[in-house]
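Here the structure comes first, spelled out in structure tokens, and everything after it is commentary.
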Amino acid sequence: MGRSIFDKIWDAHVVCKRMDGRELLFIDRHITHELHAPHAFKKLKEAGRRVRRPDITFSALDHTPASTPGRTDTTNPEGKPFIDAVRAASAENNVRVFDLGDDDYGISHVVGPEIGMVLPGATHAVPDSHACTVGGLGALAFGCGTTELEHVLATQVMAMARPKRMRVNLVGRIGALASAKDVALKILAQIGVSGGRGHIIEFAGPVARALSIEGRLTLCNLTIEMGSRSGLVAPDDKTFEWLHGRRWAPKGAMWDRALDYWRTLPSDEDAVFEREVTVDCDGLQPQITWGTDPSQVIEVDGHAPDPAHLPTEQRAAVERALAYMGLQPGQPIAGLPVHRVFIGSCTNARLPDLQEAAAIVRGQHVAEGVFALVSAGSTRVKREAEAIGLDKVFRDAGFIWGESACSMCAGANGDGGKAGERILSTTNRNFENRQGRGVRTHLVGPALAAAAAVAGRIVDVPNAKAGAQ
Amino acid sequence: MKAFTHVTGTAIPFLEDDVNTDQIAPVAGGARMSEDYAQTLFRHRRRGADGAEDPDFVFNKPQFRSGAMLVSGRNFGCGSSRESAVWTFLAIGVTCIIARSFADMYRENCLQNGILPITLSDAQADALEAAVVAADGAAPFTVDLERQEITGPNGLHMAFDISAADRTRLLEGLDDIGLTMKHKAEIEAFEKKMADMLPWSQRADASTL
Ligand code: SF4
């Protein structure tokens with residue numbers, strides 16, 4: 001029987017079966033972050049334990065620092081104790097911190113790939129549910145809780161029951177205005193927020209192949225919103241080209257040896273999946289969430305649902321979401337006034353995302369009264385964008401060119417909106433109150449976010465340009 | 001970890017699907033190092049914009065300010081990996097969560113903290129929810145992990161499934177790290193094997209190999 005890429009990576013990393021039946025999975029790379037790590041480091045110390053493999057463990061400081069231009073570690077004073085705790089515990093354990101001001105600073109899921117730390121066929125852990133992002137390079141990554149984090153720190157393995165396999169076949173050819181985010185939202189609309197529960201998803205088919213590596217990282221980022229703890233795209237020549245020459249990637253003869261191995265990873269023809277779905281992406285248009293879970297998705301010229309037309313058991317939840325979002329049943333989404341726009345996060349803040357948004361913003365101005373913030377996914381992305389003048393494009397248009405951080409994605413650094421405000425956000429969760437109490441979040445790709453900033457309302461991309469001429 | 005054998009007490013009905021971790025334990029507005037988890041629990045949903053408590057919200061009702069177990073719907077705990085979404089329940093005394101299904105990571109976080117996550121079939125969930133709503137906090141329910149059964153007022157009695165491994169772990173309150181460290185020799189052997197087979201996997205900076 002053929003094996004899937006998941007089976008190949010999993011099997012290669014099983015150390016042994018523990019006495020309780022769980023399998024111990026070796027974790028090749030591990031990045032902690034300051035919001036969850038202090039507690040785990042403290043427990044580790046209390047138990048008289050140390051980090052077992054400091055050489056493959058790293059600490060990010062992404063959740064709590066301010067995004068304010070020129071920020072320091074005290075700009076958000078509430079974040080300072082988290083940062084200090086992680087700095088101290090990391091130093092005690094010889095763990096390297098991707099610190100503020102460091103060339104390798106950024107959101108963990110952005111930094112790992114860009115420095116070549118993430119490799120196809122490798123296992124990763126981060127105490128953050130979007131660890132799955134790096135599946136875009138063909139790595140198998142798991143988000144974990146704080147107690148599991150302590151376990152990985154102490155042992156370098158995770159104790160897990162083997163998940164099931166699911167394949168999402170993405171067929172057709174997406175429309176010219178759509179990007180990876182729209183593909184992910186389309187999948188969510190079809191399979192829902194628990195569609196992948198208990199499974200690891202392999203994204204396959206022509207659409208997955210056609211996406212850039214950054215696009216695949218965006219796609220895999222949203223796997224957790226589908227209910228799956230992890231998702232991946234099999235590596236191909238595009239992956240290898242993207243990785244070649246990255247700082248920590250193997251070089252020379254070792255690269256060739258790794259490449260031979262990586263080429264064996266894609267799923268066999270006759271691989272078996274417990275669940276398989278096909279999502280038709282042909283002619284896909286930009287998508288937007290109307291509600292309070294990431295599967296409540298429509299096209300930008302679509303309408304909010306009318307509960308009266310839904311089965312009885314679905315009505316209450318939809319009514320509640322409409323009320324929270326300040327929408328009438330059946331109302332068109334386009335035209336709604338927008339108060340804030342956030343372009344950032346581990347979902348959509350790599351260089352091509354910023355380029356996509358800048359292409360719309362260039363020569364235009366943010367509509368009056370709209371607060372618009374760009375926060376690159378890492379310091380490196382920020383500098384690369386500055387080198388090609390994107391900071392100027394955004395600043396000239398009236399955007400704040402912020403420092404890299406998670407920022408408004410989860411609001412752990414205090415960034416966010418005010419009650420009743422509507423935010424177009426390139427992030428991954430539109431849950432009630434996530435971006436601030438009473439804030440109405442619509443998830444979109446970079447293009448729609450930029451278009452809304454310029455228009456001051458939700459518009460499709462061609463109209464954003466037409467409106468400003 | 002504290003062992004879980006059985007619990008008797010108030011069952012809190014929170015009959016919604018897809019209850020996410022941002023609702024259970026919000027961080028928006030800025031994370032704080034020292035946190036009162038009982039206060040964090042559903043912080044935004046408990047209070048109106050003016051800060052006043054919503055008396056109709058279930059966790060604000062006098063009989064449900066604390067409780068022994070929670071009863072909820074499908075895909076409970078979806079969203080973030082944040083373990084505070086489990087600690088908030090422990091802070092009000094809840095050590096058992098009964099749902100139609102759980103998000104994978106949330107269920108794991110429960111097990112890591114000695115909280116028993118029970119998944120019921122739709123028919124069982126219908127019956128239990130009806131009984132819990134009818135009891136309205138006035139009559140206790142009991143969950144017995146050894147016998148794998150839930151009992152309650154008016155002769156309510158149902159069996160539940162849980163994997164043998166998860167059951168043992170909770171019953172004995174096993175220290176997860178201690179359990180894994182019994183396999184230290186195997187982990188070391190694995191590292192040696194991988195350094196040989198896939199050397200780049202054992203070196204964060206593989207460019208120097
Ligand atoms: S950007 Fe958002 S989703 Fe990504 S790591 Fe930060 S908080 Fe998590």
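In the structure tokens, the first chain shown is A, the next is B, and so on; residue numbers restart at 1 for each chain, and ligands run from 1 in the order shown.
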Ligand 1: which residues are within 10 Å, counting only C-alpha atoms and all ligand atoms? Reply as number ranges by chain.
A: 33, 35, 60-64, 106-110, 126-131, 133, 221-222, 224, 344-349, 375, 377, 404-413, 426-429; B: 79-81
If you keep C-alpha atoms, can you produce a file of those selected residues as a PDB file, in the first residue's frame?
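Listed below is the output, selection12.pdb:
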ATOM      1  CA  HIS A  33       7.356  32.459  21.879  1.00  0.00           C
ATOM      2  CA  LEU A  35       3.326  34.700  25.322  1.00  0.00           C
ATOM      3  CA  ALA A  60      10.604  34.297  19.253  1.00  0.00           C
ATOM      4  CA  LEU A  61       9.239  37.517  20.746  1.00  0.00           C
ATOM      5  CA  ASP A  62       6.357  38.074  18.383  1.00  0.00           C
ATOM      6  CA  HIS A  63       3.072  38.352  20.287  1.00  0.00           C
ATOM      7  CA  THR A  64       3.537  41.217  22.705  1.00  0.00           C
ATOM      8  CA  GLY A 106       9.936  38.352  13.288  1.00  0.00           C
ATOM      9  CA  ILE A 107       6.884  36.169  13.697  1.00  0.00           C
ATOM     10  CA  SER A 108       8.146  32.645  14.331  1.00  0.00           C
ATOM     11  CA  HIS A 109       6.280  31.125  11.373  1.00  0.00           C
ATOM     12  CA  VAL A 110       7.778  33.710   9.035  1.00  0.00           C
ATOM     13  CA  VAL A 126       5.633  25.958  18.105  1.00  0.00           C
ATOM     14  CA  PRO A 127       3.318  26.710  21.037  1.00  0.00           C
ATOM     15  CA  ASP A 128       1.054  28.547  18.614  1.00  0.00           C
ATOM     16  CA  SER A 129      -1.718  27.005  16.578  1.00  0.00           C
ATOM     17  CA  HIS A 130      -0.441  28.478  13.312  1.00  0.00           C
ATOM     18  CA  ALA A 131       2.713  26.375  13.454  1.00  0.00           C
ATOM     19  CA  THR A 133       2.146  27.565   8.279  1.00  0.00           C
ATOM     20  CA  ASN A 221      -1.463  28.809   7.745  1.00  0.00           C
ATOM     21  CA  LEU A 222      -5.237  28.439   7.667  1.00  0.00           C
ATOM     22  CA  ILE A 224      -5.906  25.054  11.835  1.00  0.00           C
ATOM     23  CA  GLY A 344       0.148  41.791   8.529  1.00  0.00           C
ATOM     24  CA  SER A 345       0.447  38.503  10.475  1.00  0.00           C
ATOM     25  CA  CYS A 346       1.932  35.097   9.740  1.00  0.00           C
ATOM     26  CA  THR A 347      -0.884  34.617   7.224  1.00  0.00           C
ATOM     27  CA  ASN A 348      -0.232  37.446   4.805  1.00  0.00           C
ATOM     28  CA  ALA A 349       2.830  39.537   5.595  1.00  0.00           C
ATOM     29  CA  SER A 375       3.292  45.236   9.814  1.00  0.00           C
ATOM     30  CA  GLY A 377       6.017  39.425   9.032  1.00  0.00           C
ATOM     31  CA  SER A 404       7.095  43.572  12.603  1.00  0.00           C
ATOM     32  CA  ALA A 405       4.979  41.806  15.266  1.00  0.00           C
ATOM     33  CA  CYS A 406       1.766  39.804  15.567  1.00  0.00           C
ATOM     34  CA  SER A 407       0.125  43.131  16.285  1.00  0.00           C
ATOM     35  CA  MET A 408      -3.587  43.317  15.510  1.00  0.00           C
ATOM     36  CA  CYS A 409      -3.849  39.607  14.653  1.00  0.00           C
ATOM     37  CA  ALA A 410      -4.505  38.614  18.250  1.00  0.00           C
ATOM     38  CA  GLY A 411      -4.112  41.969  19.945  1.00  0.00           C
ATOM     39  CA  ALA A 412      -1.851  40.565  22.656  1.00  0.00           C
ATOM     40  CA  ASN A 413       0.273  43.719  22.332  1.00  0.00           C
ATOM     41  CA  THR A 426      -5.278  39.882   6.273  1.00  0.00           C
ATOM     42  CA  THR A 427      -5.112  37.653   9.371  1.00  0.00           C
ATOM     43  CA  ASN A 428      -6.701  34.273  10.036  1.00  0.00           C
ATOM     44  CA  ARG A 429      -9.359  34.635  12.739  1.00  0.00           C
TER      45      ARG A 429
ATOM     46  CA  GLY B  79      -8.905  28.230  17.598  1.00  0.00           C
ATOM     47  CA  SER B  80      -5.731  28.879  19.484  1.00  0.00           C
ATOM     48  CA  SER B  81      -3.341  26.562  21.315  1.00  0.00           C
TER      49      SER B  81
END
Residue with the minimum atom-to-atom distance to Gly112 in chain A, picked from A:Ala372, A:Val193, A:Ala359, A:Leu217 with only C-alpha atoms counted, is A:Leu217
Between B:Gln63, B:Ser84, B:Pro13, B:Ala206, single out the one closest to Ala134 in chain B, counting only C-alpha atoms.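 Closest to Ala134 in chain B of all the choices is B:Pro13.
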Residues flagged strand (DSSP E) by DSSP in range 82-304 of chain A, as a ChimeraX atom specification: /A:96-98,123-126,140-143,157-160,164-171,199-204,230-232,275-280,287-289,297-299
Counting only C-alpha atoms, the residue among A:Ala176, A:Val97, A:Ile56, A:Cys132 that lies closest to Asp282 in chain A is A:Ala176
Closest contacts (range 2-109 of chain A/range 173-177 of chain B, max 12 Å, only C-alpha atoms) as a tab-separated table:
residue	atom	partner	partner_atom	distance
A:Arg18	CA	B:Asp176	CA	10.3
A:Met19	CA	B:Asp176	CA	11.1
A:Asp20	CA	B:Leu174	CA	10.0
A:Arg22	CA	B:Asp176	CA	10.8
A:Leu24	CA	B:Ile177	CA	11.3
A:Lys43	CA	B:Ile177	CA	11.5
A:Leu44	CA	B:Ile177	CA	10.0
A:Ala47	CA	B:Ile177	CA	10.1
A:Arg49	CA	B:Ile177	CA	10.1
I need the chosen residues saved as a compact mmCIF listing (two decimals), in the first residue's frame, with all heavy atoms.
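After the write, again.txt holds the following:
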# COMPACT_ATOMS: atom_id res chain seq x y z
N ARG A 18 5.19 4.78 23.35
CA ARG A 18 5.26 4.90 24.80
C ARG A 18 4.35 3.86 25.44
O ARG A 18 3.45 3.35 24.79
CB ARG A 18 4.83 6.33 25.20
CG ARG A 18 5.37 6.80 26.51
CD ARG A 18 5.14 8.29 26.70
NE ARG A 18 3.72 8.63 26.75
CZ ARG A 18 3.27 9.85 27.06
NH1 ARG A 18 4.11 10.83 27.29
NH2 ARG A 18 1.99 10.10 27.08
N MET A 19 4.55 3.63 26.73
CA MET A 19 3.79 2.56 27.38
C MET A 19 2.28 2.81 27.36
O MET A 19 1.50 1.87 27.40
CB MET A 19 4.27 2.36 28.82
CG MET A 19 4.13 3.61 29.66
SD MET A 19 4.92 3.45 31.26
CE MET A 19 3.58 2.79 32.21
N ASP A 20 1.86 4.08 27.23
CA ASP A 20 0.42 4.33 27.18
C ASP A 20 -0.12 4.26 25.75
O ASP A 20 -1.27 4.61 25.51
CB ASP A 20 0.10 5.70 27.80
CG ASP A 20 0.70 6.86 27.03
OD1 ASP A 20 1.54 6.59 26.14
OD2 ASP A 20 0.34 8.00 27.29
N ARG A 22 0.84 5.96 23.12
CA ARG A 22 1.13 7.10 22.27
C ARG A 22 2.48 6.91 21.57
O ARG A 22 3.35 6.22 22.10
CB ARG A 22 1.18 8.38 23.09
CG ARG A 22 -0.18 8.78 23.56
CD ARG A 22 -0.16 10.18 24.11
NE ARG A 22 -1.54 10.62 24.31
CZ ARG A 22 -1.97 11.86 24.16
NH1 ARG A 22 -1.13 12.79 23.83
NH2 ARG A 22 -3.22 12.17 24.33
N LEU A 24 6.02 8.53 20.27
CA LEU A 24 6.91 9.66 20.53
C LEU A 24 7.49 10.12 19.21
O LEU A 24 8.18 9.37 18.53
CB LEU A 24 8.02 9.26 21.51
CG LEU A 24 7.56 8.84 22.90
CD1 LEU A 24 8.77 8.53 23.80
CD2 LEU A 24 6.68 9.91 23.54
N LYS A 43 7.88 26.04 34.82
CA LYS A 43 7.57 24.68 35.27
C LYS A 43 8.77 23.75 35.06
O LYS A 43 9.04 22.88 35.89
CB LYS A 43 6.36 24.12 34.49
CG LYS A 43 5.10 24.95 34.61
CD LYS A 43 4.34 24.64 35.86
CE LYS A 43 3.49 23.41 35.64
NZ LYS A 43 2.55 23.21 36.74
N LEU A 44 9.44 23.97 33.96
CA LEU A 44 10.62 23.15 33.65
C LEU A 44 11.66 23.30 34.76
O LEU A 44 12.21 22.33 35.27
CB LEU A 44 11.20 23.63 32.31
CG LEU A 44 12.25 22.77 31.64
CD1 LEU A 44 11.61 21.53 31.02
CD2 LEU A 44 12.98 23.55 30.55
N ALA A 47 10.76 21.74 38.06
CA ALA A 47 10.92 20.28 38.06
C ALA A 47 12.39 19.88 37.98
O ALA A 47 12.72 18.69 37.88
CB ALA A 47 10.14 19.68 36.88
N ARG A 49 14.42 20.48 35.54
CA ARG A 49 14.79 20.02 34.20
C ARG A 49 15.36 21.17 33.38
O ARG A 49 15.19 22.33 33.72
CB ARG A 49 13.55 19.44 33.49
CG ARG A 49 13.06 18.17 34.13
CD ARG A 49 11.78 17.67 33.47
NE ARG A 49 11.45 16.35 33.98
CZ ARG A 49 10.24 16.00 34.43
NH1 ARG A 49 9.25 16.87 34.42
NH2 ARG A 49 10.03 14.79 34.87
Computed gap from CA of Gln285 in chain A to CA of Val183 in chain A is 9.1 Å
Contact table range 60-112 of chain B vs range 32-42 of chain B, cut-off 10 Å, shortest pair per residue, only C-alpha atoms, as JSON lines:
{"residue": "B:Arg65", "atom": "CA", "partner": "B:Ala38", "partner_atom": "CA", "distance": 9.3}
{"residue": "B:Ser66", "atom": "CA", "partner": "B:Ala38", "partner_atom": "CA", "distance": 9.2}
{"residue": "B:Ser84", "atom": "CA", "partner": "B:Tyr37", "partner_atom": "CA", "distance": 7.4}
{"residue": "B:Ala85", "atom": "CA", "partner": "B:Leu41", "partner_atom": "CA", "distance": 7.7}
{"residue": "B:Val86", "atom": "CA", "partner": "B:Tyr37", "partner_atom": "CA", "distance": 9.4}
{"residue": "B:Trp87", "atom": "CA", "partner": "B:Tyr37", "partner_atom": "CA", "distance": 6.6}
{"residue": "B:Thr88", "atom": "CA", "partner": "B:Tyr37", "partner_atom": "CA", "distance": 4.6}
{"residue": "B:Phe89", "atom": "CA", "partner": "B:Leu41", "partner_atom": "CA", "distance": 7.2}
{"residue": "B:Leu90", "atom": "CA", "partner": "B:Ala38", "partner_atom": "CA", "distance": 8.3}
{"residue": "B:Ala91", "atom": "CA", "partner": "B:Ala38", "partner_atom": "CA", "distance": 5.2}
{"residue": "B:Ile92", "atom": "CA", "partner": "B:Ala38", "partner_atom": "CA", "distance": 5.9}
{"residue": "B:Gly93", "atom": "CA", "partner": "B:Ala38", "partner_atom": "CA", "distance": 9.4}
Task: Residue list (helix (DSSP H, G or I), DSSP) for range 120-183 of chain B, as an NGL selection string - done: :B and (122-135 or 153-155 or 164-172 or 176-181)
For the residues in the current selection, export C-alpha atoms as a PDB file, in the first residue's frame.
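Below is the file that was written, result_27.pdb:
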ATOM      1  CA  ASP B 122     -25.787  13.105  19.252  1.00  0.00           C
ATOM      2  CA  ALA B 123     -28.497  10.970  20.865  1.00  0.00           C
ATOM      3  CA  GLN B 124     -26.680  10.895  24.206  1.00  0.00           C
ATOM      4  CA  ALA B 125     -25.867  14.598  23.995  1.00  0.00           C
ATOM      5  CA  ASP B 126     -29.541  15.411  23.340  1.00  0.00           C
ATOM      6  CA  ALA B 127     -30.570  13.484  26.440  1.00  0.00           C
ATOM      7  CA  LEU B 128     -27.844  14.915  28.669  1.00  0.00           C
ATOM      8  CA  GLU B 129     -28.398  18.494  27.529  1.00  0.00           C
ATOM      9  CA  ALA B 130     -32.121  18.185  28.266  1.00  0.00           C
ATOM     10  CA  ALA B 131     -31.389  16.834  31.736  1.00  0.00           C
ATOM     11  CA  VAL B 132     -28.791  19.507  32.498  1.00  0.00           C
ATOM     12  CA  VAL B 133     -31.070  22.322  31.348  1.00  0.00           C
ATOM     13  CA  ALA B 134     -33.942  20.876  33.394  1.00  0.00           C
ATOM     14  CA  ALA B 135     -31.773  20.552  36.503  1.00  0.00           C
ATOM     15  CA  PRO B 153     -31.285  13.358  38.439  1.00  0.00           C
ATOM     16  CA  ASN B 154     -34.347  11.324  37.507  1.00  0.00           C
ATOM     17  CA  GLY B 155     -32.340   8.183  36.969  1.00  0.00           C
ATOM     18  CA  ALA B 164      -7.770   3.134  27.301  1.00  0.00           C
ATOM     19  CA  ALA B 165      -4.601   5.233  27.125  1.00  0.00           C
ATOM     20  CA  ASP B 166      -6.341   8.509  27.942  1.00  0.00           C
ATOM     21  CA  ARG B 167      -8.329   6.831  30.702  1.00  0.00           C
ATOM     22  CA  THR B 168      -5.248   5.401  32.401  1.00  0.00           C
ATOM     23  CA  ARG B 169      -3.393   8.647  32.126  1.00  0.00           C
ATOM     24  CA  LEU B 170      -6.186  10.580  33.855  1.00  0.00           C
ATOM     25  CA  LEU B 171      -6.943   7.936  36.455  1.00  0.00           C
ATOM     26  CA  GLU B 172      -3.326   7.705  37.508  1.00  0.00           C
ATOM     27  CA  ASP B 176       3.715  13.040  30.969  1.00  0.00           C
ATOM     28  CA  ILE B 177       7.362  14.074  30.907  1.00  0.00           C
ATOM     29  CA  GLY B 178       8.272  11.384  33.400  1.00  0.00           C
ATOM     30  CA  LEU B 179       6.548   8.827  31.206  1.00  0.00           C
ATOM     31  CA  THR B 180       8.472   9.930  28.154  1.00  0.00           C
ATOM     32  CA  MET B 181      11.790  10.100  30.005  1.00  0.00           C
TER      33      MET B 181
END
Could you state the separation of CA of Asp99 in chain A and CA of Asp205 in chain B in Å, given to one decimal place?
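Between these atoms lies a distance of 17.8 Å.
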Subject >> Residues near Ile288 in chain A, cut-off 7 Å, only C-alpha atoms, skip fewer than 5 positions along chain, as a list of chain:residue names >> reply: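 Using only C-alpha atoms, the neighbours found are A:Val297, A:Ile298, A:Glu299, A:Val300, A:His442, A:Leu443, A:Val444.
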| field | Among the residues B:Ile24, B:Leu116, B:Met69, B:Val143, the one that comes closest to chain A [using only C-alpha atoms] | value |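 Selected residue with least distance to chain A: B:Ile24.
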As a check of understanding: the span from CA of Asn109 in chain B to CA of Ala159 in chain B is 23.3 Å
| task | Tell me, as a list of chain:residue names, which residues lie within 10 Å of Gly70 in chain A, counting only C-alpha atoms; anything in the same chain fewer than 5 positions away does not count. | result | A:Thr75, A:Gly402, A:Glu403
(message) With distances taken over only C-alpha atoms, which residue among A:Ala184, A:Val341, A:Val439, A:Cys144 lies nearest Glu108 in chain B?
(response)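 With only C-alpha atoms as the atom set, the closest residue is A:Cys144.
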Using only C-alpha atoms, the best pick from A:His339, A:His309, A:Lys251, A:Arg263 as closest to Thr208 in chain B would be A:Lys251
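Shell of Arg71 in chain A at 10 Å, with only C-alpha atoms counted and residues fewer than 2 places along the chain excluded, is A:Pro65, A:Ala66, A:Ser67, A:Thr68, A:Pro69, A:Asp73, A:Thr74, A:Thr75, A:Asn76, A:Leu100, A:Gly101, A:Gly402, A:Glu403, A:Ser404.
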Residues of the last selection are to be written out with all heavy atoms, as a PDB file, in the first residue's frame.
ATOM      1  N   PRO A  65       5.302  42.572  21.559  1.00  0.00           N
ATOM      2  CA  PRO A  65       5.918  43.883  21.297  1.00  0.00           C
ATOM      3  C   PRO A  65       4.995  44.803  20.489  1.00  0.00           C
ATOM      4  O   PRO A  65       4.205  44.341  19.672  1.00  0.00           O
ATOM      5  CB  PRO A  65       7.174  43.536  20.480  1.00  0.00           C
ATOM      6  CG  PRO A  65       7.459  42.124  20.778  1.00  0.00           C
ATOM      7  CD  PRO A  65       6.122  41.478  20.998  1.00  0.00           C
ATOM      8  N   ALA A  66       5.135  46.094  20.731  1.00  0.00           N
ATOM      9  CA  ALA A  66       4.352  47.075  19.985  1.00  0.00           C
ATOM     10  C   ALA A  66       4.763  47.048  18.514  1.00  0.00           C
ATOM     11  O   ALA A  66       5.878  46.656  18.183  1.00  0.00           O
ATOM     12  CB  ALA A  66       4.596  48.459  20.567  1.00  0.00           C
ATOM     13  N   SER A  67       3.855  47.472  17.652  1.00  0.00           N
ATOM     14  CA  SER A  67       4.190  47.576  16.224  1.00  0.00           C
ATOM     15  C   SER A  67       4.526  49.013  15.851  1.00  0.00           C
ATOM     16  O   SER A  67       4.870  49.299  14.712  1.00  0.00           O
ATOM     17  CB  SER A  67       3.005  47.085  15.384  1.00  0.00           C
ATOM     18  OG  SER A  67       1.857  47.866  15.682  1.00  0.00           O
ATOM     19  N   THR A  68       4.429  49.906  16.812  1.00  0.00           N
ATOM     20  CA  THR A  68       4.706  51.326  16.583  1.00  0.00           C
ATOM     21  C   THR A  68       6.083  51.517  15.956  1.00  0.00           C
ATOM     22  O   THR A  68       7.061  50.948  16.459  1.00  0.00           O
ATOM     23  CB  THR A  68       4.723  52.073  17.941  1.00  0.00           C
ATOM     24  OG1 THR A  68       3.765  51.474  18.799  1.00  0.00           O
ATOM     25  CG2 THR A  68       4.449  53.553  17.774  1.00  0.00           C
ATOM     26  N   PRO A  69       6.168  52.324  14.894  1.00  0.00           N
ATOM     27  CA  PRO A  69       7.490  52.547  14.289  1.00  0.00           C
ATOM     28  C   PRO A  69       8.502  53.000  15.340  1.00  0.00           C
ATOM     29  O   PRO A  69       8.196  53.859  16.169  1.00  0.00           O
ATOM     30  CB  PRO A  69       7.206  53.659  13.260  1.00  0.00           C
ATOM     31  CG  PRO A  69       5.755  53.515  12.913  1.00  0.00           C
ATOM     32  CD  PRO A  69       5.094  53.028  14.168  1.00  0.00           C
ATOM     33  N   ASP A  73      11.464  47.497  23.545  1.00  0.00           N
ATOM     34  CA  ASP A  73      10.774  46.439  24.291  1.00  0.00           C
ATOM     35  C   ASP A  73       9.910  46.993  25.428  1.00  0.00           C
ATOM     36  O   ASP A  73       9.235  46.227  26.122  1.00  0.00           O
ATOM     37  CB  ASP A  73      11.730  45.349  24.779  1.00  0.00           C
ATOM     38  CG  ASP A  73      12.869  45.893  25.603  1.00  0.00           C
ATOM     39  OD1 ASP A  73      12.852  47.102  25.907  1.00  0.00           O
ATOM     40  OD2 ASP A  73      13.774  45.111  25.933  1.00  0.00           O
ATOM     41  N   THR A  74       9.939  48.313  25.611  1.00  0.00           N
ATOM     42  CA  THR A  74       9.064  48.872  26.654  1.00  0.00           C
ATOM     43  C   THR A  74       7.911  49.690  26.070  1.00  0.00           C
ATOM     44  O   THR A  74       7.112  50.236  26.815  1.00  0.00           O
ATOM     45  CB  THR A  74       9.844  49.776  27.622  1.00  0.00           C
ATOM     46  OG1 THR A  74      10.579  50.725  26.840  1.00  0.00           O
ATOM     47  CG2 THR A  74      10.805  48.976  28.476  1.00  0.00           C
ATOM     48  N   THR A  75       7.842  49.783  24.739  1.00  0.00           N
ATOM     49  CA  THR A  75       6.767  50.585  24.141  1.00  0.00           C
ATOM     50  C   THR A  75       5.405  50.032  24.560  1.00  0.00           C
ATOM     51  O   THR A  75       4.482  50.775  24.850  1.00  0.00           O
ATOM     52  CB  THR A  75       6.901  50.619  22.606  1.00  0.00           C
ATOM     53  OG1 THR A  75       8.232  51.008  22.278  1.00  0.00           O
ATOM     54  CG2 THR A  75       5.915  51.603  21.983  1.00  0.00           C
ATOM     55  N   ASN A  76       5.299  48.706  24.578  1.00  0.00           N
ATOM     56  CA  ASN A  76       4.134  48.094  25.208  1.00  0.00           C
ATOM     57  C   ASN A  76       4.583  47.589  26.574  1.00  0.00           C
ATOM     58  O   ASN A  76       5.132  46.493  26.688  1.00  0.00           O
ATOM     59  CB  ASN A  76       3.586  46.933  24.369  1.00  0.00           C
ATOM     60  CG  ASN A  76       2.539  46.138  25.137  1.00  0.00           C
ATOM     61  OD1 ASN A  76       1.852  46.675  26.003  1.00  0.00           O
ATOM     62  ND2 ASN A  76       2.439  44.844  24.826  1.00  0.00           N
ATOM     63  N   LEU A 100      14.273  41.524  19.508  1.00  0.00           N
ATOM     64  CA  LEU A 100      13.988  42.791  18.847  1.00  0.00           C
ATOM     65  C   LEU A 100      15.303  43.407  18.402  1.00  0.00           C
ATOM     66  O   LEU A 100      16.282  43.375  19.146  1.00  0.00           O
ATOM     67  CB  LEU A 100      13.266  43.753  19.802  1.00  0.00           C
ATOM     68  CG  LEU A 100      11.784  43.474  20.037  1.00  0.00           C
ATOM     69  CD1 LEU A 100      11.588  42.436  21.119  1.00  0.00           C
ATOM     70  CD2 LEU A 100      11.057  44.762  20.383  1.00  0.00           C
ATOM     71  N   GLY A 101      15.346  43.938  17.221  1.00  0.00           N
ATOM     72  CA  GLY A 101      16.562  44.556  16.730  1.00  0.00           C
ATOM     73  C   GLY A 101      17.502  43.571  16.043  1.00  0.00           C
ATOM     74  O   GLY A 101      18.452  43.957  15.369  1.00  0.00           O
ATOM     75  N   GLY A 402       4.500  49.981  10.156  1.00  0.00           N
ATOM     76  CA  GLY A 402       4.831  49.563  11.510  1.00  0.00           C
ATOM     77  C   GLY A 402       6.010  48.605  11.573  1.00  0.00           C
ATOM     78  O   GLY A 402       6.521  48.148  10.559  1.00  0.00           O
ATOM     79  N   GLU A 403       6.429  48.325  12.791  1.00  0.00           N
ATOM     80  CA  GLU A 403       7.451  47.298  13.011  1.00  0.00           C
ATOM     81  C   GLU A 403       6.781  45.934  12.937  1.00  0.00           C
ATOM     82  O   GLU A 403       5.574  45.801  13.112  1.00  0.00           O
ATOM     83  CB  GLU A 403       8.102  47.470  14.386  1.00  0.00           C
ATOM     84  CG  GLU A 403       8.732  48.831  14.644  1.00  0.00           C
ATOM     85  CD  GLU A 403       9.950  49.122  13.784  1.00  0.00           C
ATOM     86  OE1 GLU A 403      10.547  48.170  13.243  1.00  0.00           O
ATOM     87  OE2 GLU A 403      10.297  50.304  13.637  1.00  0.00           O
ATOM     88  N   SER A 404       7.609  44.935  12.698  1.00  0.00           N
ATOM     89  CA  SER A 404       7.095  43.572  12.603  1.00  0.00           C
ATOM     90  C   SER A 404       6.671  43.050  13.981  1.00  0.00           C
ATOM     91  O   SER A 404       7.371  43.232  14.969  1.00  0.00           O
ATOM     92  CB  SER A 404       8.187  42.671  12.035  1.00  0.00           C
ATOM     93  OG  SER A 404       7.830  41.338  12.181  1.00  0.00           O
TER      94      SER A 404
END
- Message: Please list as an NGL selection string every residue within 6 Å of Ala99 in chain B, counting only C-alpha atoms and excluding residues in the same chain fewer than 3 positions away.
- Response: :B and (71-73 or 119)
